[in-house]
>>> print(open('protein_35.txt').read())   # compact mmCIF, C-alpha atoms and all ligand atoms
# COMPACT_ATOMS: atom_id res chain seq x y z
CA MET A 1 29.92 20.28 201.81
CA TYR A 2 32.83 21.17 199.54
CA ASP A 3 36.47 20.45 200.28
CA ILE A 4 37.55 23.79 198.85
CA ILE A 5 35.52 26.84 197.90
CA ILE A 6 37.41 29.06 195.48
CA VAL A 7 36.09 32.60 195.17
CA GLY A 8 37.02 34.28 191.90
CA ALA A 9 37.47 32.63 188.49
CA GLY A 10 40.32 34.78 187.20
CA PRO A 11 43.66 33.18 186.32
CA ALA A 12 44.50 32.56 190.01
CA GLY A 13 41.14 30.99 190.87
CA LEU A 14 41.02 28.90 187.68
CA THR A 15 44.52 27.58 188.32
CA ALA A 16 43.64 26.79 191.93
CA ALA A 17 40.56 24.88 190.70
CA LEU A 18 42.68 22.95 188.19
CA TYR A 19 45.16 21.85 190.84
CA ALA A 20 42.52 21.07 193.48
CA ARG A 21 40.41 18.99 191.06
CA ARG A 22 43.48 17.11 189.85
CA ASN A 23 44.06 16.28 193.53
CA GLY A 24 40.59 14.78 193.71
CA LYS A 25 39.04 17.51 195.86
CA ARG A 26 35.39 18.52 195.67
CA VAL A 27 35.62 22.11 194.53
CA LEU A 28 33.15 24.96 194.21
CA LEU A 29 34.26 27.83 192.00
CA LEU A 30 32.24 30.94 192.83
CA GLU A 31 32.41 33.86 190.39
CA LYS A 32 30.49 37.10 190.23
CA GLU A 33 30.91 38.01 186.55
CA GLY A 34 32.59 35.76 184.01
CA PHE A 35 35.59 33.49 183.58
CA GLY A 36 39.08 34.91 183.24
CA GLY A 37 38.93 38.05 185.39
CA GLN A 38 41.09 40.90 184.16
CA ILE A 39 42.99 38.88 181.58
CA ALA A 40 39.78 38.47 179.57
CA LEU A 41 40.03 42.24 178.96
CA ALA A 42 43.57 42.17 177.58
CA PRO A 43 43.60 42.83 173.83
CA LEU A 44 46.73 40.70 173.45
CA VAL A 45 48.80 38.69 175.90
CA GLU A 46 52.38 38.29 174.76
CA ASN A 47 54.23 37.48 177.98
CA TYR A 48 52.81 34.12 178.97
CA PRO A 49 55.44 31.41 178.50
CA GLY A 50 54.68 28.92 175.74
CA ILE A 51 52.03 31.10 174.05
CA PRO A 52 53.73 33.82 171.99
CA SER A 53 50.57 35.84 171.36
CA ILE A 54 46.91 35.33 172.21
CA ARG A 55 43.82 37.47 172.79
CA GLY A 56 43.09 37.69 176.52
CA GLU A 57 39.52 36.54 175.99
CA ALA A 58 40.67 33.43 174.10
CA LEU A 59 43.18 32.58 176.80
CA ALA A 60 40.50 32.98 179.48
CA GLU A 61 38.18 30.67 177.51
CA GLN A 62 40.90 28.03 177.22
CA MET A 63 41.73 28.23 180.93
CA ALA A 64 38.05 27.90 181.86
CA ALA A 65 37.47 25.00 179.44
CA GLN A 66 40.38 23.07 180.99
CA VAL A 67 38.83 23.50 184.45
CA MET A 68 35.32 22.61 183.23
CA ASP A 69 36.66 19.42 181.63
CA LEU A 70 37.47 18.29 185.18
CA ASP A 71 33.77 18.56 186.15
CA THR A 72 34.38 21.48 188.48
CA GLU A 73 31.20 22.80 190.08
CA VAL A 74 30.58 26.48 189.35
CA GLU A 75 28.13 28.97 190.83
CA PHE A 76 27.65 32.58 189.80
CA GLY A 77 27.27 34.99 192.70
CA THR A 78 29.13 37.64 194.66
CA ALA A 79 30.77 36.46 197.88
CA VAL A 80 30.21 38.99 200.66
CA SER A 81 31.47 37.19 203.75
CA VAL A 82 33.36 34.18 205.05
CA GLU A 83 32.82 32.84 208.55
CA THR A 84 34.44 29.98 210.41
CA ARG A 85 32.18 27.64 212.43
CA GLY A 86 34.37 24.93 213.97
CA ASP A 87 35.95 23.06 211.04
CA VAL A 88 33.54 24.54 208.52
CA LYS A 89 33.81 27.76 206.54
CA LEU A 90 30.61 29.46 205.45
CA VAL A 91 30.77 31.58 202.32
CA ALA A 92 27.73 33.84 201.93
CA THR A 93 26.76 35.63 198.75
CA GLU A 94 24.94 38.86 197.98
CA GLU A 95 22.27 36.70 196.35
CA GLY A 96 21.50 35.03 199.69
CA GLU A 97 23.23 31.66 199.19
CA VAL A 98 25.50 30.17 201.86
CA TYR A 99 28.04 27.56 200.76
CA GLN A 100 29.93 25.29 203.16
CA GLY A 101 33.52 24.21 202.68
CA ARG A 102 36.45 22.97 204.70
CA ALA A 103 38.93 25.39 203.14
CA VAL A 104 38.52 28.61 201.19
CA ILE A 105 40.75 30.19 198.57
CA LEU A 106 40.04 33.87 197.93
CA ALA A 107 41.23 34.85 194.46
CA LEU A 108 39.30 38.09 194.13
CA GLY A 109 41.84 40.04 192.11
CA ALA A 110 41.70 43.79 192.31
CA ARG A 111 39.25 46.42 191.09
CA HIS A 112 39.79 49.71 189.29
CA ARG A 113 40.84 52.63 191.42
CA ALA A 114 38.84 55.81 190.88
CA LEU A 115 40.27 59.32 190.44
CA GLY A 116 38.20 60.48 193.39
CA LEU A 117 36.68 63.50 191.60
CA PRO A 118 33.17 64.88 192.11
CA GLY A 119 30.65 63.42 189.68
CA GLU A 120 32.90 60.51 188.71
CA ALA A 121 30.58 57.70 189.77
CA GLU A 122 27.63 59.24 187.89
CA LEU A 123 29.66 59.45 184.68
CA LEU A 124 30.56 55.76 184.59
CA GLY A 125 29.01 54.48 181.39
CA ARG A 126 28.31 58.09 180.30
CA GLY A 127 31.73 58.84 178.90
CA LEU A 128 33.80 57.46 181.75
CA SER A 129 35.12 53.93 181.39
CA CYS A 130 37.71 51.62 182.94
CA CYS A 131 37.95 49.27 179.98
CA ALA A 132 38.98 50.18 176.45
CA VAL A 133 38.36 46.63 175.21
CA CYS A 134 34.80 46.78 176.47
CA ASP A 135 33.89 50.36 175.54
CA GLY A 136 36.46 51.63 173.00
CA ALA A 137 34.27 50.78 170.00
CA PHE A 138 31.54 53.16 171.25
CA TYR A 139 33.93 56.04 170.58
CA ALA A 140 35.15 55.05 167.11
CA ASP A 141 36.46 58.08 165.18
CA GLN A 142 35.99 60.38 168.18
CA ASP A 143 38.42 62.10 170.54
CA VAL A 144 39.10 60.32 173.82
CA ALA A 145 41.61 60.44 176.67
CA VAL A 146 43.32 57.88 178.87
CA VAL A 147 44.56 58.79 182.32
CA GLY A 148 47.32 56.74 183.95
CA GLY A 149 50.97 55.90 183.55
CA GLY A 150 51.35 52.16 184.04
CA ASP A 151 51.27 49.21 181.64
CA SER A 152 47.49 48.97 181.57
CA ALA A 153 47.10 52.66 180.70
CA LEU A 154 49.60 52.34 177.84
CA GLN A 155 47.88 49.21 176.56
CA GLU A 156 44.49 50.91 176.71
CA ALA A 157 45.85 53.92 174.80
CA LEU A 158 47.40 51.73 172.10
CA LEU A 159 44.14 49.91 171.59
CA LEU A 160 42.16 53.17 171.42
CA ALA A 161 44.65 54.67 168.95
CA GLY A 162 43.48 52.03 166.47
CA ILE A 163 39.81 52.93 166.95
CA CYS A 164 39.51 56.60 167.83
CA ARG A 165 40.34 59.81 165.95
CA ARG A 166 42.59 61.27 168.62
CA VAL A 167 43.84 59.82 171.92
CA TYR A 168 45.23 62.03 174.67
CA VAL A 169 47.30 60.22 177.28
CA ILE A 170 47.31 62.12 180.57
CA HIS A 171 49.77 61.24 183.32
CA ARG A 172 50.55 63.15 186.49
CA ARG A 173 54.30 62.44 186.28
CA GLU A 174 56.76 63.32 183.52
CA GLN A 175 57.74 59.67 182.97
CA PHE A 176 55.47 56.68 182.45
CA ARG A 177 55.94 53.63 184.68
CA GLY A 178 54.81 51.16 182.02
CA ASP A 179 56.73 48.99 179.60
CA ARG A 180 59.23 50.89 177.36
CA THR A 181 58.20 49.05 174.20
CA LYS A 182 54.61 50.17 174.69
CA GLN A 183 55.75 53.74 175.40
CA GLN A 184 57.72 53.76 172.15
CA ALA A 185 54.81 52.30 170.19
CA LEU A 186 52.56 55.01 171.58
CA ARG A 187 54.96 57.83 170.72
CA GLU A 188 55.06 56.58 167.14
CA LYS A 189 51.28 56.88 166.72
CA GLU A 190 50.30 60.02 164.81
CA ASN A 191 46.91 60.32 166.50
CA VAL A 192 48.27 60.13 170.06
CA GLU A 193 49.15 63.20 172.12
CA ILE A 194 50.92 62.76 175.44
CA LEU A 195 50.07 65.28 178.16
CA THR A 196 52.50 65.14 181.10
CA PRO A 197 52.83 66.05 183.91
CA MET A 198 49.11 66.81 183.95
CA GLU A 199 46.22 65.84 186.15
CA VAL A 200 42.49 65.67 185.60
CA GLN A 201 40.79 68.13 187.92
CA GLY A 202 37.18 67.94 186.86
CA PHE A 203 34.59 67.02 184.27
CA GLU A 204 32.23 68.99 182.06
CA THR A 205 29.03 67.38 180.88
CA ARG A 206 26.43 67.92 178.18
CA GLU A 207 23.04 66.23 178.65
CA GLY A 208 24.53 64.03 181.35
CA GLU A 209 27.40 62.77 179.15
CA LEU A 210 31.07 63.68 179.50
CA SER A 211 31.94 66.49 177.10
CA ALA A 212 35.27 67.90 178.33
CA LEU A 213 37.99 67.54 180.96
CA GLN A 214 39.53 70.23 183.11
CA LEU A 215 43.27 69.61 183.32
CA ARG A 216 46.01 71.16 185.41
CA ASP A 217 49.63 71.29 184.36
CA ARG A 218 51.65 70.19 187.39
CA THR A 219 54.73 72.15 186.27
CA ASP A 220 53.25 75.65 186.19
CA GLY A 221 49.73 75.18 187.59
CA GLN A 222 48.12 76.35 184.29
CA THR A 223 44.70 74.93 183.57
CA ARG A 224 43.47 73.62 180.25
CA ARG A 225 40.14 72.46 178.86
CA LEU A 226 40.18 69.33 176.73
CA GLU A 227 37.14 68.34 174.69
CA VAL A 228 36.75 64.56 174.64
CA ARG A 229 33.82 62.18 174.35
CA ALA A 230 35.33 59.65 176.75
CA LEU A 231 37.92 59.28 179.47
CA PHE A 232 39.39 55.84 180.15
CA VAL A 233 40.59 55.73 183.74
CA SER A 234 43.56 53.42 184.29
CA VAL A 235 45.19 54.61 187.51
CA GLY A 236 45.73 51.29 189.20
CA ARG A 237 43.71 48.80 191.09
CA GLU A 238 42.86 48.01 194.67
CA PRO A 239 41.73 44.79 196.33
CA ALA A 240 38.14 44.28 197.48
CA LEU A 241 38.97 42.35 200.62
CA SER A 242 37.66 44.60 203.39
CA GLY A 243 34.56 42.40 203.83
CA PHE A 244 36.81 39.44 204.58
CA ALA A 245 39.06 41.11 207.18
CA ASN A 246 37.65 38.82 209.90
CA VAL A 247 39.37 35.76 208.37
CA LEU A 248 42.43 37.31 206.71
CA HIS A 249 45.49 39.28 207.62
CA LEU A 250 45.43 42.49 205.59
CA SER A 251 48.29 44.89 204.84
CA ARG A 252 47.85 48.63 205.33
CA SER A 253 46.96 48.97 201.67
CA GLY A 254 44.23 46.35 202.04
CA TYR A 255 45.93 43.42 200.29
CA ALA A 256 46.06 39.99 201.96
CA LEU A 257 49.28 39.16 203.74
CA ALA A 258 50.34 35.60 203.07
CA GLY A 259 53.49 33.62 202.49
CA GLU A 260 54.35 31.66 199.37
CA ASN A 261 51.64 29.05 200.07
CA GLY A 262 48.95 31.73 200.25
CA GLU A 263 47.74 30.86 203.76
CA SER A 264 46.39 34.04 205.36
CA GLY A 265 44.16 32.59 208.09
CA ASP A 266 43.21 29.15 209.42
CA GLY A 267 42.09 27.23 206.33
CA ILE A 268 41.82 30.49 204.41
CA PHE A 269 44.15 30.95 201.46
CA VAL A 270 44.62 33.81 199.01
CA ALA A 271 45.97 33.84 195.48
CA GLY A 272 46.65 36.31 192.70
CA ASP A 273 46.35 40.07 192.56
CA CYS A 274 44.56 40.35 195.92
CA ARG A 275 47.70 39.10 197.69
CA GLU A 276 50.30 41.60 198.97
CA LYS A 277 53.17 41.21 196.48
CA THR A 278 55.28 43.24 194.10
CA VAL A 279 54.36 41.77 190.70
CA ARG A 280 50.71 41.50 189.69
CA GLN A 281 50.70 39.65 186.41
CA LEU A 282 49.17 36.61 184.77
CA ALA A 283 52.23 34.46 185.44
CA THR A 284 52.33 35.33 189.15
CA ALA A 285 48.54 34.88 189.53
CA VAL A 286 48.77 31.41 188.02
CA GLY A 287 51.72 30.55 190.29
CA ASP A 288 49.80 31.75 193.35
CA GLY A 289 46.75 29.69 192.35
CA ALA A 290 48.82 26.51 192.12
CA ALA A 291 50.60 27.14 195.43
CA ALA A 292 47.38 27.99 197.31
CA ALA A 293 45.51 24.95 195.99
CA LEU A 294 48.29 22.55 196.96
CA ALA A 295 48.58 24.19 200.39
CA ALA A 296 44.80 23.87 200.85
CA CYS A 297 45.01 20.17 199.92
CA ARG A 298 47.77 19.67 202.53
CA TYR A 299 45.64 21.56 205.09
CA LEU A 300 42.69 19.21 204.43
CA GLU A 301 44.86 16.11 204.64
CA LYS A 302 46.29 17.24 208.01
CA ALA A 303 42.79 17.95 209.32
CA THR A 304 41.50 14.42 208.63
C1 LIG A 401 43.49 45.40 180.35
C2 LIG A 401 44.46 44.47 181.06
C3 LIG A 401 45.48 43.87 180.36
C4 LIG A 401 46.39 43.02 181.00
N1 LIG A 401 47.38 42.45 180.26
C5 LIG A 401 48.24 41.60 180.86
C6 LIG A 401 49.25 40.96 180.09
O1 LIG A 401 49.37 41.17 178.88
N2 LIG A 401 50.10 40.12 180.74
C7 LIG A 401 50.01 39.87 182.09
O2 LIG A 401 50.82 39.10 182.61
N3 LIG A 401 49.06 40.45 182.84
C8 LIG A 401 48.17 41.32 182.26
N4 LIG A 401 47.20 41.92 183.01
C9 LIG A 401 47.14 41.63 184.46
C10 LIG A 401 46.47 40.27 184.70
O3 LIG A 401 45.27 40.20 183.98
C11 LIG A 401 46.19 40.09 186.21
O4 LIG A 401 47.40 40.17 186.92
C12 LIG A 401 45.52 38.76 186.48
O5 LIG A 401 44.30 38.65 185.78
C13 LIG A 401 45.25 38.59 187.98
O6 LIG A 401 44.54 37.39 188.15
P1 LIG A 401 43.64 37.15 189.45
O7 LIG A 401 42.95 35.83 189.22
O8 LIG A 401 44.43 37.34 190.67
O9 LIG A 401 42.58 38.31 189.49
P2 LIG A 401 41.43 38.81 188.41
O10 LIG A 401 41.92 38.54 187.06
O11 LIG A 401 41.13 40.16 188.85
O12 LIG A 401 40.24 37.80 188.75
C14 LIG A 401 39.49 37.92 189.94
C15 LIG A 401 38.12 37.32 189.70
O13 LIG A 401 37.41 37.33 190.94
C16 LIG A 401 36.06 37.73 190.70
N5 LIG A 401 35.56 38.30 191.95
C17 LIG A 401 35.99 39.42 192.58
N6 LIG A 401 35.31 39.63 193.71
C18 LIG A 401 34.42 38.60 193.81
C19 LIG A 401 33.44 38.26 194.78
N7 LIG A 401 33.23 39.01 195.86
N8 LIG A 401 32.71 37.14 194.57
C20 LIG A 401 32.89 36.36 193.47
N9 LIG A 401 33.82 36.64 192.51
C21 LIG A 401 34.57 37.75 192.69
C22 LIG A 401 36.19 38.76 189.58
O14 LIG A 401 34.96 38.91 188.89
C23 LIG A 401 37.27 38.10 188.72
O15 LIG A 401 36.73 37.23 187.75
C24 LIG A 401 46.26 42.76 182.40
C25 LIG A 401 45.23 43.36 183.11
C26 LIG A 401 44.32 44.20 182.46
C27 LIG A 401 43.20 44.84 183.23
>>> encode(input="protein_35.txt", output="structure tokens", more="lines below")
Ligand SMILES: Cc1cc2nc3c(=O)[nH]c(=O)nc-3n(C[C@H](O)[C@H](O)[C@H](O)COP(=O)(O)OP(=O)(O)OC[C@H]3O[C@@H](n4cnc5c(N)ncnc54)[C@H](O)[C@@H]3O)c2cc1C
Amino acid sequence: MYDIIIVGAGPAGLTAALYARRNGKRVLLLEKEGFGGQIALAPLVENYPGIPSIRGEALAEQMAAQVMDLDTEVEFGTAVSVETRGDVKLVATEEGEVYQGRAVILALGARHRALGLPGEAELLGRGLSCCAVCDGAFYADQDVAVVGGGDSALQEALLLAGICRRVYVIHRREQFRGDRTKQQALREKENVEILTPMEVQGFETREGELSALQLRDRTDGQTRRLEVRALFVSVGREPALSGFANVLHLSRSGYALAGENGESGDGIFVAGDCREKTVRQLATAVGDGAAAALAACRYLEKAT
């Protein structure tokens, strides 16, 4: 029986584990992939106070090492449900394990949103990618495109501009939402072409691999064919909380509704990008993790 089961070892979950262990709680950290969550994919992190510049992967490793030094128990598996039985919460995984805890912190982050086009799912890994850090090198010296207008899309495009021959950045609005410095840096790259306001309408394939995109200009409705070897989709993220709706309060967009202390149900806390909030960043994920862990500790103390 654990005091606190933390699901998700991204920045929010790792911070929650750090605080809960330092409070002497028996903690299980359950993660489905690897330590660090999304930040491990960031080429460079330059907005985390006290660390002027660091590779996301290195920061994730440091965060995880700090938590492991506190003898935190870790299991790898995908949580699929949480149930309350009296004072006990049961966390079940896709792999068939059931863990018991007295409080649960869900720090599941958010997953990539799809474009919703026919054939999209089949093309994942066959020219369609959601991660330039992971897949950019496969398309070295080739022509690729990025679709999206936020910070992540701009960051992906900047990274690809250093690897690929030509990078097209497609956004459905005239203006990007992302950071102005990144926009400027992108406009200064000779191998980057910005296509706005344009949307991707469909895919062409050759031997099962992406070979071209069908685009539509949103100003005049004209269509255009763009030959690329890869499309990096960066059109936002959505939480994966629907399986936990029985123990959480969810907003209409599917994020968990919780106050500053992260409590979203009895003994159920949320932290990080899966929480309904306006800023989804490393600094806010870390803050959420700390607040949720301390609130869970108070919950346990009240219950005894
Ligand atoms: C490419 C990129 C670059 C970024 N750069 C920056 C930056 O420079 N500065 C900045 O402030 N922010 C940046 N961000 C945003 C930042 O990474 C996120 O806001 C932050 O990681 C959110 O932390 P989190 O712990 O809430 O969620 P995540 O980082 O998403 O972590 C969630 C974790 O939960 C795990 N998980 C999910 N579902 C389950 C399940 N069912 N069972 C078990 N485990 C599960 C996931 O595998 C993951 O490890 C970037 C994001 C990306 C994608």
>>> residues_around(input="protein_35.txt", residues="A:Glu31", least_positions_apart="5", cutoff="6 Å", atoms="all atoms listed in the file", output="PyMOL selection string")
chain A and resi 8-9+76-77
>>> residues_near_ligand(input="protein_35.txt", ligand="ligand LIG 401 (chain A)", cutoff="7 Å", atoms="only C-alpha atoms and all ligand atoms", output="PDB file with C-alpha atoms, in the coordinates of the input")
ATOM      1  CA  VAL A   7      36.090  32.600 195.170  1.00  0.00           C
ATOM      2  CA  GLY A   8      37.020  34.280 191.900  1.00  0.00           C
ATOM      3  CA  ALA A   9      37.470  32.630 188.490  1.00  0.00           C
ATOM      4  CA  GLY A  10      40.320  34.780 187.200  1.00  0.00           C
ATOM      5  CA  PRO A  11      43.660  33.180 186.320  1.00  0.00           C
ATOM      6  CA  ALA A  12      44.500  32.560 190.010  1.00  0.00           C
ATOM      7  CA  GLY A  13      41.140  30.990 190.870  1.00  0.00           C
ATOM      8  CA  LEU A  30      32.240  30.940 192.830  1.00  0.00           C
ATOM      9  CA  GLU A  31      32.410  33.860 190.390  1.00  0.00           C
ATOM     10  CA  LYS A  32      30.490  37.100 190.230  1.00  0.00           C
ATOM     11  CA  GLU A  33      30.910  38.010 186.550  1.00  0.00           C
ATOM     12  CA  GLY A  34      32.590  35.760 184.010  1.00  0.00           C
ATOM     13  CA  PHE A  35      35.590  33.490 183.580  1.00  0.00           C
ATOM     14  CA  GLY A  36      39.080  34.910 183.240  1.00  0.00           C
ATOM     15  CA  GLY A  37      38.930  38.050 185.390  1.00  0.00           C
ATOM     16  CA  GLN A  38      41.090  40.900 184.160  1.00  0.00           C
ATOM     17  CA  ILE A  39      42.990  38.880 181.580  1.00  0.00           C
ATOM     18  CA  LEU A  41      40.030  42.240 178.960  1.00  0.00           C
ATOM     19  CA  ALA A  42      43.570  42.170 177.580  1.00  0.00           C
ATOM     20  CA  PRO A  43      43.600  42.830 173.830  1.00  0.00           C
ATOM     21  CA  LEU A  44      46.730  40.700 173.450  1.00  0.00           C
ATOM     22  CA  VAL A  45      48.800  38.690 175.900  1.00  0.00           C
ATOM     23  CA  GLU A  46      52.380  38.290 174.760  1.00  0.00           C
ATOM     24  CA  ASN A  47      54.230  37.480 177.980  1.00  0.00           C
ATOM     25  CA  TYR A  48      52.810  34.120 178.970  1.00  0.00           C
ATOM     26  CA  GLY A  77      27.270  34.990 192.700  1.00  0.00           C
ATOM     27  CA  THR A  78      29.130  37.640 194.660  1.00  0.00           C
ATOM     28  CA  ALA A  79      30.770  36.460 197.880  1.00  0.00           C
ATOM     29  CA  VAL A  80      30.210  38.990 200.660  1.00  0.00           C
ATOM     30  CA  ALA A 107      41.230  34.850 194.460  1.00  0.00           C
ATOM     31  CA  LEU A 108      39.300  38.090 194.130  1.00  0.00           C
ATOM     32  CA  GLY A 109      41.840  40.040 192.110  1.00  0.00           C
ATOM     33  CA  ALA A 110      41.700  43.790 192.310  1.00  0.00           C
ATOM     34  CA  ARG A 111      39.250  46.420 191.090  1.00  0.00           C
ATOM     35  CA  CYS A 131      37.950  49.270 179.980  1.00  0.00           C
ATOM     36  CA  SER A 152      47.490  48.970 181.570  1.00  0.00           C
ATOM     37  CA  GLN A 155      47.880  49.210 176.560  1.00  0.00           C
ATOM     38  CA  GLU A 156      44.490  50.910 176.710  1.00  0.00           C
ATOM     39  CA  ALA A 240      38.140  44.280 197.480  1.00  0.00           C
ATOM     40  CA  ALA A 271      45.970  33.840 195.480  1.00  0.00           C
ATOM     41  CA  GLY A 272      46.650  36.310 192.700  1.00  0.00           C
ATOM     42  CA  ASP A 273      46.350  40.070 192.560  1.00  0.00           C
ATOM     43  CA  CYS A 274      44.560  40.350 195.920  1.00  0.00           C
ATOM     44  CA  ARG A 280      50.710  41.500 189.690  1.00  0.00           C
ATOM     45  CA  GLN A 281      50.700  39.650 186.410  1.00  0.00           C
ATOM     46  CA  LEU A 282      49.170  36.610 184.770  1.00  0.00           C
ATOM     47  CA  ALA A 283      52.230  34.460 185.440  1.00  0.00           C
ATOM     48  CA  ALA A 285      48.540  34.880 189.530  1.00  0.00           C
TER      49      ALA A 285
END
>>> residues_around(input="protein_35.txt", residues="A:Leu215", least_positions_apart="4", cutoff="9 Å", atoms="only C-alpha atoms", output="number ranges by chain")
A: 170, 198-202, 222-226
>>> closest_residue(input="protein_35.txt", among="A:Gly150, A:Gly50, A:Pro197, A:Gly243", to="A:Arg172", atoms="all atoms listed in the file")
A:Pro197
>>> closest_residue(input="protein_35.txt", among="A:Leu154, A:Gly148, A:Ala114, A:Gly208", to="A:His171", atoms="only C-alpha atoms")
A:Gly148
>>> closest_residue(input="protein_35.txt", among="A:Ala258, A:Ala212, A:Thr284, A:Phe203", to="A:Pro118", atoms="only C-alpha atoms")
A:Phe203
>>> residues_around(input="protein_35.txt", residues="A:Ala20", least_positions_apart="5", cutoff="8 Å", atoms="all atoms listed in the file", output="PDB file with C-alpha atoms, keeping the file's coordinate frame")
ATOM      1  CA  ILE A   4      37.550  23.790 198.850  1.00  0.00           C
ATOM      2  CA  LYS A  25      39.040  17.510 195.860  1.00  0.00           C
ATOM      3  CA  ARG A  26      35.390  18.520 195.670  1.00  0.00           C
ATOM      4  CA  VAL A  27      35.620  22.110 194.530  1.00  0.00           C
ATOM      5  CA  ALA A 293      45.510  24.950 195.990  1.00  0.00           C
ATOM      6  CA  LEU A 294      48.290  22.550 196.960  1.00  0.00           C
ATOM      7  CA  CYS A 297      45.010  20.170 199.920  1.00  0.00           C
TER       8      CYS A 297
END
>>> residues_around(input="protein_35.txt", residues="A:Ala132", least_positions_apart="5", cutoff="12 Å", atoms="only C-alpha atoms", output="ChimeraX atom specification")
/A:41-43,125,127,137-140,144-147,152-164,167,230-234
>>> atom_distance(input="protein_35.txt", atom1="atom CA of A:Gln62", atom2="atom CA of A:Asp151")
24.0 Å
>>> atom_distance(input="protein_35.txt", atom1="atom CA of A:Ala64", atom2="atom CA of A:Thr84")
28.9 Å
>>> atom_distance(input="protein_35.txt", atom1="atom CA of A:Arg206", atom2="atom CA of A:Arg218")
26.9 Å
>>> residues_around(input="protein_35.txt", residues="A:Gly259", least_positions_apart="2", cutoff="12 Å", atoms="only C-alpha atoms", output="number ranges by chain")
A: 249, 256-257, 261-265, 269-271, 275-277, 288, 291-292, 295
>>> residues_near_point(input="protein_35.txt", point="(34.1, 20.3, 201.9)", cutoff="9 Å", atoms="all atoms listed in the file", output="list in words")
Met1, Tyr2, Asp3, Ile4, Ile5, Lys25, Arg26, Val27, Val88, Lys89, Gln100, Gly101, Arg102 and Ala103 of chain A
>>> closest_residue(input="protein_35.txt", among="A:Tyr19, A:Tyr255, A:Phe244, A:Tyr168", to="A:Gly289", atoms="all atoms listed in the file")
A:Tyr19
>>> closest_residue(input="protein_35.txt", among="A:Ala245, A:Leu28, A:Val104, A:Leu210", to="A:Ala121", atoms="all atoms listed in the file")
A:Leu210
>>> build_atoms(input="protein_35.txt", residues="stretch 291-303 of chain A", atoms="N, CA and C atoms", output="compact mmCIF listing (two decimals), in the frame of the given file")
# COMPACT_ATOMS: atom_id res chain seq x y z
N ALA A 291 50.04 27.27 194.07
CA ALA A 291 50.60 27.14 195.43
C ALA A 291 49.47 27.09 196.47
N ALA A 292 48.47 27.95 196.32
CA ALA A 292 47.38 27.99 197.31
C ALA A 292 46.57 26.70 197.28
N ALA A 293 46.31 26.18 196.08
CA ALA A 293 45.51 24.95 195.99
C ALA A 293 46.26 23.78 196.64
N LEU A 294 47.54 23.67 196.38
CA LEU A 294 48.29 22.55 196.96
C LEU A 294 48.39 22.71 198.48
N ALA A 295 48.53 23.96 198.94
CA ALA A 295 48.58 24.19 200.39
C ALA A 295 47.22 23.85 201.02
N ALA A 296 46.13 24.19 200.32
CA ALA A 296 44.80 23.87 200.85
C ALA A 296 44.61 22.36 200.91
N CYS A 297 45.11 21.65 199.91
CA CYS A 297 45.01 20.17 199.92
C CYS A 297 45.78 19.61 201.11
N ARG A 298 46.98 20.14 201.38
CA ARG A 298 47.77 19.67 202.53
C ARG A 298 47.03 19.98 203.83
N TYR A 299 46.41 21.16 203.90
CA TYR A 299 45.64 21.56 205.09
C TYR A 299 44.52 20.54 205.35
N LEU A 300 43.81 20.15 204.28
CA LEU A 300 42.69 19.21 204.43
C LEU A 300 43.18 17.84 204.86
N GLU A 301 44.33 17.44 204.29
CA GLU A 301 44.86 16.11 204.64
C GLU A 301 45.28 16.07 206.11
N LYS A 302 45.87 17.16 206.59
CA LYS A 302 46.29 17.24 208.01
C LYS A 302 45.08 17.20 208.92
N ALA A 303 43.98 17.82 208.47
CA ALA A 303 42.79 17.95 209.32
C ALA A 303 42.03 16.63 209.46
